[in-house]
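Pasted below: data-v8.txt, compact mmCIF, C-alpha atoms.
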```
# COMPACT_ATOMS: atom_id res chain seq x y z
CA MET A 6 29.43 81.18 102.20
CA CYS A 7 31.76 83.03 99.83
CA GLU A 8 33.26 86.33 100.81
CA LYS A 9 32.27 89.40 98.78
CA LEU A 10 34.59 90.59 96.02
CA ASN A 11 37.11 93.23 97.04
CA PRO A 12 37.44 95.77 94.16
CA ASN A 13 40.79 96.98 95.51
CA ASP A 14 42.44 93.55 95.32
CA ILE A 15 43.71 93.30 91.74
CA THR A 16 46.11 90.77 90.25
CA ILE A 17 47.50 91.32 86.75
CA LEU A 18 48.76 88.32 84.76
CA CYS A 19 51.14 88.86 81.84
CA LYS A 20 53.22 86.66 79.56
CA VAL A 21 55.74 88.54 77.45
CA VAL A 22 55.15 87.31 73.89
CA ASP A 23 56.40 90.16 71.71
CA ASN A 24 59.48 91.53 73.51
CA PHE A 25 57.95 94.60 75.15
CA GLY A 26 54.43 95.16 73.83
CA ASP A 27 52.61 93.00 76.37
CA ILE A 28 54.54 94.08 79.44
CA GLY A 29 54.57 97.66 78.14
CA VAL A 30 50.78 97.81 78.26
CA VAL A 31 50.67 96.11 81.67
CA TYR A 32 53.23 98.52 83.11
CA ARG A 33 51.36 101.52 81.73
CA LEU A 34 48.04 100.17 83.02
CA ALA A 35 49.47 99.54 86.50
CA ARG A 36 50.73 103.12 86.67
CA ALA A 37 47.41 104.50 85.48
CA LEU A 38 45.40 102.44 87.96
CA THR A 39 47.61 103.55 90.83
CA GLU A 40 47.29 107.20 89.78
CA LEU A 41 43.51 106.90 90.03
CA SER A 42 43.26 105.00 93.31
CA GLY A 43 45.56 104.90 96.31
CA LYS A 44 43.59 102.02 97.83
CA LEU A 45 44.67 99.30 95.43
CA ASN A 46 46.53 96.17 96.48
CA LEU A 47 48.10 95.48 93.10
CA ARG A 48 50.00 92.28 92.29
CA ILE A 49 51.69 91.75 88.92
CA VAL A 50 52.58 88.19 87.93
CA VAL A 51 54.87 88.16 84.88
CA ASP A 52 56.99 85.52 83.18
CA ASN A 53 59.78 87.81 81.94
CA LEU A 54 61.29 90.16 84.48
CA ASP A 55 64.19 91.01 82.15
CA SER A 56 61.86 92.77 79.71
CA PHE A 57 60.02 94.45 82.56
CA SER A 58 63.27 95.81 83.99
CA LEU A 59 64.15 97.53 80.71
CA LEU A 60 60.93 99.53 80.88
CA GLU A 61 61.02 100.06 84.65
CA PRO A 62 64.62 100.16 85.96
CA GLY A 63 63.33 99.61 89.51
CA VAL A 64 62.54 95.98 88.67
CA ASN A 65 65.26 93.49 89.62
CA PRO A 66 65.19 90.55 87.12
CA SER A 67 66.78 88.19 89.66
CA LYS A 68 64.19 88.66 92.43
CA GLU A 69 61.16 86.36 92.37
CA VAL A 70 59.18 88.63 94.69
CA GLN A 71 59.71 92.39 95.02
CA LEU A 72 57.95 95.65 95.77
CA VAL A 73 58.19 98.36 93.08
CA ASN A 74 56.09 101.52 92.96
CA GLY A 75 53.90 100.05 95.67
CA TRP A 76 53.12 96.96 93.55
CA GLN A 77 54.04 93.42 94.46
CA ILE A 78 55.81 91.97 91.43
CA LEU A 79 56.12 88.21 91.23
CA GLN A 80 57.80 85.78 88.86
CA TRP A 81 55.23 83.62 87.04
CA ASP A 82 55.97 80.16 88.45
CA SER A 83 58.11 80.81 91.52
CA SER A 84 57.46 78.88 94.73
CA SER A 85 57.35 82.16 96.66
CA CYS A 86 54.60 83.42 94.38
CA ILE A 87 52.52 80.27 94.95
CA GLU A 88 52.83 80.54 98.71
CA LEU A 89 51.81 84.19 98.78
CA PHE A 90 48.66 83.54 96.79
CA ARG A 91 47.70 80.60 98.98
CA LYS A 92 47.80 82.89 102.00
CA ASN A 93 45.94 85.69 100.18
CA PRO A 94 43.76 84.33 97.33
CA PRO A 95 42.98 86.85 94.58
CA HIS A 96 39.69 88.68 94.14
CA ILE A 97 40.02 90.47 90.78
CA ILE A 98 42.29 88.97 88.11
CA LEU A 99 43.17 90.85 84.94
CA GLU A 100 44.21 88.13 82.51
CA CYS A 101 46.01 90.08 79.80
CA PHE A 102 46.17 89.19 76.13
CA GLN A 103 44.91 85.62 76.42
CA CYS A 104 48.00 84.71 78.43
CA GLY A 105 46.28 81.96 80.40
CA ARG A 106 46.84 81.30 84.08
CA PRO A 107 49.74 79.52 85.80
CA GLU A 108 48.87 75.93 86.64
CA TRP A 109 49.24 76.60 90.36
CA LEU A 110 46.80 79.50 90.14
CA GLU A 111 44.30 77.44 88.15
CA GLN A 112 44.34 74.81 90.90
CA LEU A 113 43.98 77.46 93.57
CA LEU A 114 41.04 79.22 91.90
CA PHE A 115 38.94 76.10 91.65
CA SER A 116 39.81 74.81 95.11
CA GLU A 117 36.89 74.72 97.53
CA THR A 118 39.20 76.05 100.24
CA VAL A 119 39.33 79.52 98.63
CA PRO A 120 36.87 81.60 100.68
CA ASN A 121 36.03 84.30 98.13
CA ILE A 122 34.42 84.67 94.73
CA VAL A 123 37.00 85.39 92.04
CA GLN A 124 36.30 87.66 89.07
CA ILE A 125 38.50 87.15 86.02
CA ILE A 126 38.54 90.01 83.53
CA MET A 127 39.97 89.08 80.14
CA LEU A 128 41.81 92.19 78.95
CA ASP A 129 42.37 91.57 75.26
CA TYR A 130 44.69 92.94 72.60
CA LEU A 131 44.00 96.36 71.12
CA THR A 132 42.21 96.15 67.78
CA ALA A 133 39.99 98.31 65.61
CA GLU A 134 38.19 95.24 64.26
CA PRO A 135 34.39 95.24 64.79
CA TYR A 136 34.55 92.31 67.20
CA ALA A 137 36.09 94.63 69.83
CA GLU A 138 32.69 96.23 70.37
CA THR A 139 30.89 92.87 70.27
CA PHE A 140 33.15 91.21 72.84
CA HIS A 141 33.40 94.20 75.19
CA LYS A 142 31.83 93.22 78.55
CA LEU A 143 30.77 89.85 77.13
CA LEU A 144 30.39 87.11 79.77
CA SER A 145 32.30 83.83 79.52
CA LEU A 146 31.71 80.57 81.36
CA THR A 147 34.01 78.75 83.78
CA ARG A 148 33.64 75.37 85.43
CA SER A 149 32.64 76.91 88.77
CA ALA A 150 29.99 79.44 89.77
CA ARG A 151 32.53 80.87 92.23
CA VAL A 152 34.92 81.85 89.42
CA LYS A 153 33.37 84.39 87.06
CA LYS A 154 34.84 85.58 83.78
CA ILE A 155 34.09 88.55 81.50
CA ASN A 156 35.80 90.31 78.59
CA PHE A 157 37.07 93.88 78.57
CA MET A 158 38.25 95.28 75.24
CA PRO A 159 40.51 98.28 74.74
CA GLY A 160 39.71 100.07 71.52
CA PHE A 161 39.22 103.13 69.41
CA THR A 162 35.48 103.76 69.92
CA SER A 163 33.14 104.74 72.75
CA LYS A 164 31.69 101.21 72.69
CA THR A 165 35.00 99.77 73.93
CA GLY A 166 37.16 100.43 76.99
CA GLY A 167 39.22 103.08 75.19
CA LEU A 168 42.97 103.66 75.59
CA ILE A 169 45.15 104.16 78.65
CA LEU A 170 45.60 107.84 79.48
CA ASP A 171 48.33 107.78 82.13
CA LYS A 172 49.54 111.10 83.54
CA PRO A 173 53.21 110.96 82.40
CA PHE A 174 52.09 110.41 78.84
CA LEU A 175 49.48 113.18 78.99
CA ASP A 176 52.13 115.52 80.40
CA SER A 177 54.42 114.68 77.48
CA LEU A 178 51.52 115.19 75.09
CA LYS A 179 50.99 118.73 76.37
CA LYS A 180 54.65 119.60 75.83
CA GLY A 181 54.73 118.19 72.30
CA GLY A 182 57.53 119.02 69.88
CA GLU A 183 59.27 122.20 68.82
CA GLY A 184 57.40 122.56 65.51
CA ASN A 185 58.73 123.13 61.99
CA SER A 186 61.33 120.38 62.46
CA HIS A 187 61.78 117.00 60.81
CA ARG A 188 62.44 114.30 63.35
CA ILE A 189 61.38 110.69 62.87
CA VAL A 190 61.25 107.90 65.43
CA PHE A 191 61.60 104.51 63.75
CA PHE A 192 60.56 101.32 65.59
CA SER A 193 59.79 98.20 63.57
CA TYR A 194 59.91 94.47 63.05
CA PRO A 195 62.70 92.98 60.89
CA LYS A 196 62.40 93.62 57.15
CA ASP A 197 64.52 94.79 54.23
CA TRP A 198 64.21 98.49 54.95
CA THR A 199 66.17 99.68 51.91
CA PRO A 200 63.00 101.19 50.32
CA ALA A 201 62.28 103.12 53.54
CA VAL A 202 65.85 104.44 53.74
CA LYS A 203 65.67 105.59 50.12
CA ALA A 204 62.32 107.30 50.75
CA PHE A 205 63.72 109.07 53.81
CA GLN A 206 66.69 110.26 51.77
CA LYS A 207 64.41 111.64 49.02
CA PHE A 208 62.49 113.52 51.69
CA ASN A 209 65.72 114.76 53.21
CA GLY A 210 66.81 116.08 49.82
CA SER A 211 63.68 118.23 49.61
CA LEU A 212 64.44 120.04 52.87
CA LYS A 213 66.40 123.19 53.45
CA PRO A 214 69.98 122.57 54.71
CA GLU A 215 69.09 123.82 58.19
CA SER A 216 66.18 121.33 58.36
CA LYS A 217 68.11 118.14 57.76
CA LEU A 218 66.12 114.98 58.50
CA GLN A 219 66.96 113.18 61.74
CA VAL A 220 65.89 109.58 62.31
CA LYS A 221 66.08 108.08 65.79
CA LEU A 222 66.30 104.30 65.50
CA ALA A 223 64.75 102.52 68.47
CA LYS A 224 66.25 99.37 69.92
CA GLY A 225 64.30 96.24 69.13
CA ALA A 226 63.78 93.44 66.62
CA GLY A 227 63.96 95.69 63.55
CA PHE A 228 67.02 97.66 64.66
CA GLU A 229 69.67 95.64 62.80
CA SER A 230 67.77 95.39 59.51
CA PHE A 231 67.21 99.16 59.31
CA PHE A 232 70.78 99.97 60.37
CA LYS A 233 72.11 97.61 57.70
CA ALA A 234 69.97 99.22 54.98
CA TYR A 235 71.05 102.68 56.08
CA SER A 236 74.75 101.76 56.07
CA GLU A 237 74.53 100.26 52.57
CA CYS A 238 72.63 103.19 51.08
CA LYS A 239 74.84 105.81 52.69
CA LYS A 240 77.93 104.41 50.94
CA ASN A 241 76.71 105.93 47.70
CA SER A 242 75.92 109.41 49.01
CA GLU A 243 77.96 112.19 50.58
CA ASP A 244 74.99 114.10 51.99
CA PHE A 245 72.67 111.72 53.85
CA PHE A 246 70.08 112.10 56.56
CA ASP A 247 71.22 111.67 60.15
CA LEU A 248 70.60 108.35 61.87
CA ILE A 249 70.77 108.20 65.67
CA PRO A 250 70.82 104.63 67.05
CA MET A 251 69.20 104.49 70.48
CA ASP A 252 69.64 102.34 73.55
CA PHE A 253 66.67 101.05 75.51
CA ILE A 254 65.03 103.80 77.52
CA PRO A 255 62.41 103.71 80.30
CA GLN A 256 58.79 103.91 79.17
CA THR A 257 58.24 107.46 80.42
CA GLU A 258 61.23 108.66 78.37
CA TRP A 259 59.88 106.77 75.36
CA ASP A 260 56.58 108.62 75.72
CA ALA A 261 58.35 111.97 75.76
CA LEU A 262 60.34 110.99 72.68
CA LEU A 263 57.23 110.03 70.71
CA CYS A 264 55.39 113.20 71.65
CA SER A 265 58.32 115.41 70.63
CA ALA A 266 58.74 113.83 67.17
CA ASP A 267 57.25 115.02 63.88
CA LEU A 268 56.70 111.62 62.29
CA LEU A 269 56.40 108.18 63.86
CA PHE A 270 57.07 104.76 62.41
CA ILE A 271 56.00 102.41 65.17
CA ARG A 272 55.10 98.79 65.79
CA GLY A 273 53.15 96.69 68.29
CA GLU A 274 50.29 97.65 70.57
CA ASP A 275 51.55 100.00 73.27
CA SER A 276 53.44 102.21 70.83
CA LEU A 277 50.47 102.15 68.45
CA SER A 278 48.15 103.47 71.15
CA ARG A 279 50.63 106.23 72.01
CA ALA A 280 51.09 107.21 68.36
CA ALA A 281 47.34 107.35 67.79
CA LEU A 282 47.01 109.69 70.77
CA CYS A 283 49.97 111.90 69.83
CA GLY A 284 48.05 113.53 66.99
CA ILE A 285 50.99 113.51 64.57
CA PRO A 286 51.35 111.50 61.34
CA TYR A 287 52.46 107.92 61.90
CA VAL A 288 52.83 104.59 60.12
CA TRP A 289 52.03 101.40 61.99
CA HIS A 290 53.93 98.15 61.46
CA ALA A 291 51.55 95.43 62.66
CA TYR A 292 52.90 92.14 63.96
CA PRO A 293 53.33 89.89 60.87
CA GLN A 294 50.89 86.96 60.92
CA SER A 295 50.20 83.88 58.83
CA GLU A 296 48.27 84.42 55.60
CA ASP A 297 48.92 88.17 56.00
CA TYR A 298 46.17 88.50 58.59
CA GLN A 299 47.93 91.63 59.83
CA LEU A 300 46.45 93.38 56.80
CA VAL A 301 42.95 92.81 58.20
CA LYS A 302 43.97 94.54 61.42
CA VAL A 303 45.64 97.39 59.56
CA GLN A 304 42.62 97.90 57.31
CA ALA A 305 40.30 97.96 60.34
CA LEU A 306 42.28 100.79 61.91
CA LEU A 307 42.41 102.63 58.60
CA ASP A 308 38.63 102.35 58.35
CA ALA A 309 38.32 103.91 61.81
CA MET A 310 40.58 106.78 60.75
CA LYS A 311 38.99 107.37 57.33
CA PRO A 312 36.24 109.83 58.42
CA PHE A 313 38.89 112.29 59.58
CA PHE A 314 40.66 112.55 56.20
CA LEU A 315 39.91 114.09 52.84
CA PRO A 316 39.65 111.25 50.27
CA GLU A 317 42.85 112.15 48.40
CA LEU A 318 44.86 112.34 51.63
CA PHE A 319 43.38 109.14 53.02
CA SER A 320 44.38 107.35 49.83
CA ILE A 321 48.02 108.28 50.48
CA VAL A 322 47.86 106.95 54.05
CA GLU A 323 46.00 103.77 53.15
CA ASN A 324 48.30 102.88 50.28
CA CYS A 325 51.39 103.49 52.40
CA TRP A 326 50.18 101.53 55.41
CA LEU A 327 49.02 98.48 53.45
CA ILE A 328 52.19 98.16 51.39
CA TYR A 329 54.29 98.80 54.50
CA ASN A 330 52.54 95.81 56.09
CA GLY A 331 53.00 93.36 53.25
CA LYS A 332 50.57 94.15 50.45
CA THR A 333 52.16 93.97 47.01
CA GLY A 334 53.25 97.40 45.81
CA ASN A 335 56.08 99.91 45.59
CA LEU A 336 57.10 100.59 49.19
CA GLU A 337 59.62 103.31 48.36
CA GLU A 338 57.07 105.24 46.29
CA SER A 339 54.22 104.90 48.80
CA LEU A 340 56.45 106.01 51.68
CA THR A 341 57.80 108.94 49.67
CA ASN A 342 54.25 110.09 48.94
CA PHE A 343 53.40 109.84 52.64
CA LEU A 344 56.47 111.79 53.70
CA PHE A 345 55.94 114.59 51.20
CA ALA A 346 52.30 114.91 52.33
CA PHE A 347 52.91 114.74 56.07
CA GLU A 348 52.22 118.45 56.76
CA LYS A 349 48.85 118.18 55.02
CA LEU A 350 48.14 114.96 56.94
CA ARG A 351 48.79 116.43 60.37
CA PRO A 352 45.31 117.99 60.97
CA SER A 353 43.59 114.68 60.18
CA PHE A 354 45.80 112.67 62.54
CA SER A 355 45.21 115.33 65.19
CA ALA A 356 41.43 115.09 64.74
CA PHE A 357 41.55 111.30 65.10
CA SER A 358 43.58 111.70 68.29
CA ALA A 359 41.00 114.10 69.71
CA SER A 360 38.24 111.55 69.08
CA LEU A 361 40.18 108.93 71.05
CA LEU A 362 40.69 111.22 74.03
CA LYS A 363 36.92 111.70 74.20
CA ASN A 364 36.50 107.96 74.85
CA GLY A 365 38.04 108.43 78.29
CA ASN A 366 40.78 106.64 80.20
CA LEU A 367 40.78 102.84 79.91
CA ALA A 368 42.11 102.62 83.47
CA GLN A 369 39.22 104.68 84.86
CA ASN A 370 36.72 102.81 82.70
CA LEU A 371 38.13 99.57 84.04
CA LEU A 372 37.94 100.65 87.69
CA ASP A 373 34.34 101.78 87.19
CA PHE A 374 33.56 98.43 85.61
CA ILE A 375 35.13 96.56 88.53
CA ASP A 376 33.04 98.61 90.96
CA GLU A 377 29.91 97.59 89.03
CA LEU A 378 30.91 93.93 89.18
CA CYS A 379 31.59 94.11 92.90
CA GLY A 380 28.51 96.24 93.69
```
Can you present the structure in this file as structure tokens?
Amino acid sequence: MCEKLNPNDITILCKVVDNFGDIGVVYRLARALTELSGKLNLRIVVDNLDSFSLLEPGVNPSKEVQLVNGWQILQWDSSSCIELFRKNPPHIILECFQCGRPEWLEQLLFSETVPNIVQIIMLDYLTAEPYAETFHKLLSLTRSARVKKINFMPGFTSKTGGLILDKPFLDSLKKGGEGNSHRIVFFSYPKDWTPAVKAFQKFNGSLKPESKLQVKLAKGAGFESFFKAYSECKKNSEDFFDLIPMDFIPQTEWDALLCSADLLFIRGEDSLSRAALCGIPYVWHAYPQSEDYQLVKVQALLDAMKPFFLPELFSIVENCWLIYNGKTGNLEESLTNFLFAFEKLRPSFSAFSASLLKNGNLAQNLLDFIDELCG
């Protein structure tokens, strides 16, 4: 006879595909789950401890097994990891972002020697596409009745799991920025950012001298391309906006930075979810995909935001976002229009943020769901 599922035994699986986005969400989720329940036995199996350590300095990239924040963190295919799971087979597995399972874990799960039922929860990527609601809590089949599998979709509506509302981020959200300032955080994928630099400079030229534009350039894949564009454009101008190159900072500091800014240019999933919750104007750079499929994802999020905007203001946002993400058009002009309208845009972004907060905390929604599955 199989043992009953233990809702407090949770294993999170993560492969780091896009530098920090995947592990960023996992790290945030682990913190949020721990905040909500002190009973959890949480194991995190990840294939890139270097990336994890940049977000959480307590992680040692050279240690295959370690205890951080009360979590057991294990390197994806280490022999120590395999031995630990053989002694204590998992109950609840959060398989994040279609990462698959290590071969040793796959063999373990379907071994008749494992005494308990195993529940796999497929935690998917964040998307505003309609399929998020369709797939949420949708059952999947496995090759054994002992191993069950079901989908859990983060999202932007009440018919999905919502977004992670961890306490450090919410605390930063309450503090917010100073107001009446002009600070931009820029975080992107590689691209010729000359049009963006020129748009920023036009915006800077419209400000009073005491309100000079300040752009904080985040470390990451798009860092060099933006810095190069800035350096080239600045050669031809004596009075240019300030650029502050940044080093990597822990995730909690990143949250505080985003919440204190006036405008956000962000990329990926974790930073997108934070920007959407901040309630300030932002532009999202979606991960570039073949056949420009990223435009489908961008349009889906725009459609979710549309009800919160007046038509003429939404047109500015939509045009900017789509061209920013690869649609043919004048990027410098569309960005300039967005920047000059950002004060008028603020109430609409704030209203969209408020609607997301009403969907509740993904971490709490997930724990409630696990309790239902184990009930």
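Between Pro12 of chain A and the candidates A:Leu307, A:Ile28, A:Ala150, A:Val123, the tightest atom-to-atom separation, counting only C-alpha atoms, involves A:Val123.
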Kindly indicate which residue among A:Asn370, A:Thr132, A:Ser295, A:Ser265 lies nearest to Ala37 of chain A, using all atoms listed in the file for the distances. A:Asn370
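With all atoms listed in the file as the atoms that count, the minimum distance from Ala281 of chain A to the choices A:Cys101, A:Ile189, A:Val202, A:Leu168 is reached by A:Leu168.
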Residues of segment 85-133 of chain A that have any atom at most 10 Å from an atom of segment 61-78 of chain A: could you tabulate them with the shortest-distance atom pair and the distance in Å to one decimal, using all atoms listed in the file, ordered by chain and increasing number, as CSV?
```
residue,atom,partner,partner_atom,distance
A:Ser85,CA,A:Val70,CA,7.0
A:Cys86,CA,A:Val70,CA,6.9
A:Leu89,CA,A:Val70,CA,9.5
```
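Between atom CA of Phe245 of chain A and atom CA of Leu263 of chain A lies a distance of 22.9 Å.
Near segment 104-118 of chain A, within 9 Å and counting only C-alpha atoms, sit Leu18, Cys19, Lys20, Val21, Val22, Trp81, Asp82, Ile87, Phe90, Arg91, Pro94, Pro95, Glu100, Cys101, Val123, Arg148, Ser149, Arg151 and Val152 of chain A, not including residues fewer than 3 positions from it in the same chain.
Comparing the minimum interatomic distances between Phe205 of chain A and each of A:Gln124, A:Ser83, A:Ser56, A:Gln219, counting all atoms listed in the file, we find that A:Gln219 sits nearest.
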Closest to Ser163 of chain A among A:Ala133, A:Ile122, A:Cys283, A:Val301, using only C-alpha atoms? A:Ala133
How many Å lie between atom CA of Phe253 of chain A and atom CA of Ser216 of chain A, rounded to one decimal? 26.6 Å
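The nearest approach to Cys238 of chain A among the residues A:Asn342, A:Ser278, A:Gln206, A:Gln304, with all atoms listed in the file taken into account, belongs to A:Gln206.
Relative to atom CA of Pro200 of chain A, atom CA of Leu340 of chain A is found at 8.2 Å.
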How would you write as an MDAnalysis selection string the residues that get within 12 Å of (69.2, 94.6, 66.3) in the file's frame, counting all atoms listed in the file? chainID A and resid 192:196 222:233 250:253
Centre, x/y/z edge lengths, axis-aligned box for segment 29-39 of chain A with 5 Å per side, as lines of an AutoDock Vina configuration file:
```
center_x = 50.0
center_y = 100.3
center_z = 84.5
size_x = 19.2
size_y = 18.4
size_z = 22.7
```
Is it possible to get the residues within 7 Å of (41.4, 87.8, 90.4) (coordinates as in the file, counting all atoms listed in the file) written as number ranges by chain? A: 15-16, 95-99, 123-125
Once N, CA, C and O atoms are restored for segment 365-380 of chain A, what would the output be as a PDB file, in the coordinates of the input?
```pdb
ATOM      1  N   GLY A 365      37.675 108.572  76.888  1.00  0.00           N
ATOM      2  CA  GLY A 365      38.040 108.430  78.290  1.00  0.00           C
ATOM      3  C   GLY A 365      39.222 107.509  78.514  1.00  0.00           C
ATOM      4  O   GLY A 365      39.773 106.915  77.584  1.00  0.00           O
ATOM      5  N   ASN A 366      39.599 107.394  79.763  1.00  0.00           N
ATOM      6  CA  ASN A 366      40.780 106.640  80.200  1.00  0.00           C
ATOM      7  C   ASN A 366      40.399 105.178  80.430  1.00  0.00           C
ATOM      8  O   ASN A 366      39.527 104.879  81.247  1.00  0.00           O
ATOM      9  N   LEU A 367      41.056 104.269  79.722  1.00  0.00           N
ATOM     10  CA  LEU A 367      40.780 102.840  79.910  1.00  0.00           C
ATOM     11  C   LEU A 367      40.915 102.438  81.371  1.00  0.00           C
ATOM     12  O   LEU A 367      40.123 101.634  81.881  1.00  0.00           O
ATOM     13  N   ALA A 368      41.899 102.986  82.062  1.00  0.00           N
ATOM     14  CA  ALA A 368      42.110 102.620  83.470  1.00  0.00           C
ATOM     15  C   ALA A 368      40.917 103.029  84.328  1.00  0.00           C
ATOM     16  O   ALA A 368      40.455 102.259  85.179  1.00  0.00           O
ATOM     17  N   GLN A 369      40.400 104.242  84.108  1.00  0.00           N
ATOM     18  CA  GLN A 369      39.220 104.680  84.860  1.00  0.00           C
ATOM     19  C   GLN A 369      37.993 103.878  84.466  1.00  0.00           C
ATOM     20  O   GLN A 369      37.190 103.483  85.326  1.00  0.00           O
ATOM     21  N   ASN A 370      37.843 103.620  83.174  1.00  0.00           N
ATOM     22  CA  ASN A 370      36.720 102.810  82.700  1.00  0.00           C
ATOM     23  C   ASN A 370      36.763 101.409  83.307  1.00  0.00           C
ATOM     24  O   ASN A 370      35.729 100.829  83.648  1.00  0.00           O
ATOM     25  N   LEU A 371      37.962 100.885  83.462  1.00  0.00           N
ATOM     26  CA  LEU A 371      38.130  99.570  84.040  1.00  0.00           C
ATOM     27  C   LEU A 371      37.789  99.560  85.528  1.00  0.00           C
ATOM     28  O   LEU A 371      37.097  98.660  86.024  1.00  0.00           O
ATOM     29  N   LEU A 372      38.264 100.567  86.259  1.00  0.00           N
ATOM     30  CA  LEU A 372      37.940 100.650  87.690  1.00  0.00           C
ATOM     31  C   LEU A 372      36.437 100.815  87.908  1.00  0.00           C
ATOM     32  O   LEU A 372      35.865 100.206  88.826  1.00  0.00           O
ATOM     33  N   ASP A 373      35.797 101.614  87.081  1.00  0.00           N
ATOM     34  CA  ASP A 373      34.340 101.780  87.190  1.00  0.00           C
ATOM     35  C   ASP A 373      33.628 100.463  86.926  1.00  0.00           C
ATOM     36  O   ASP A 373      32.646 100.120  87.602  1.00  0.00           O
ATOM     37  N   PHE A 374      34.135  99.721  85.956  1.00  0.00           N
ATOM     38  CA  PHE A 374      33.560  98.430  85.610  1.00  0.00           C
ATOM     39  C   PHE A 374      33.720  97.434  86.766  1.00  0.00           C
ATOM     40  O   PHE A 374      32.793  96.684  87.100  1.00  0.00           O
ATOM     41  N   ILE A 375      34.885  97.449  87.395  1.00  0.00           N
ATOM     42  CA  ILE A 375      35.130  96.560  88.530  1.00  0.00           C
ATOM     43  C   ILE A 375      34.186  96.903  89.689  1.00  0.00           C
ATOM     44  O   ILE A 375      33.642  96.014  90.340  1.00  0.00           O
ATOM     45  N   ASP A 376      33.983  98.188  89.918  1.00  0.00           N
ATOM     46  CA  ASP A 376      33.040  98.610  90.960  1.00  0.00           C
ATOM     47  C   ASP A 376      31.639  98.083  90.672  1.00  0.00           C
ATOM     48  O   ASP A 376      30.910  97.650  91.581  1.00  0.00           O
ATOM     49  N   GLU A 377      31.228  98.111  89.410  1.00  0.00           N
ATOM     50  CA  GLU A 377      29.910  97.590  89.030  1.00  0.00           C
ATOM     51  C   GLU A 377      29.837  96.091  89.306  1.00  0.00           C
ATOM     52  O   GLU A 377      28.812  95.610  89.834  1.00  0.00           O
ATOM     53  N   LEU A 378      30.895  95.375  88.969  1.00  0.00           N
ATOM     54  CA  LEU A 378      30.910  93.930  89.180  1.00  0.00           C
ATOM     55  C   LEU A 378      30.870  93.566  90.659  1.00  0.00           C
ATOM     56  O   LEU A 378      30.282  92.555  91.044  1.00  0.00           O
ATOM     57  N   CYS A 379      31.494  94.405  91.465  1.00  0.00           N
ATOM     58  CA  CYS A 379      31.590  94.110  92.900  1.00  0.00           C
ATOM     59  C   CYS A 379      30.389  94.689  93.674  1.00  0.00           C
ATOM     60  O   CYS A 379      30.219  94.401  94.869  1.00  0.00           O
ATOM     61  N   GLY A 380      29.613  95.557  93.001  1.00  0.00           N
ATOM     62  CA  GLY A 380      28.510  96.240  93.690  1.00  0.00           C
ATOM     63  C   GLY A 380      27.453  95.327  94.199  1.00  0.00           C
ATOM     64  O   GLY A 380      26.760  95.615  95.160  1.00  0.00           O
TER      65      GLY A 380
END
```
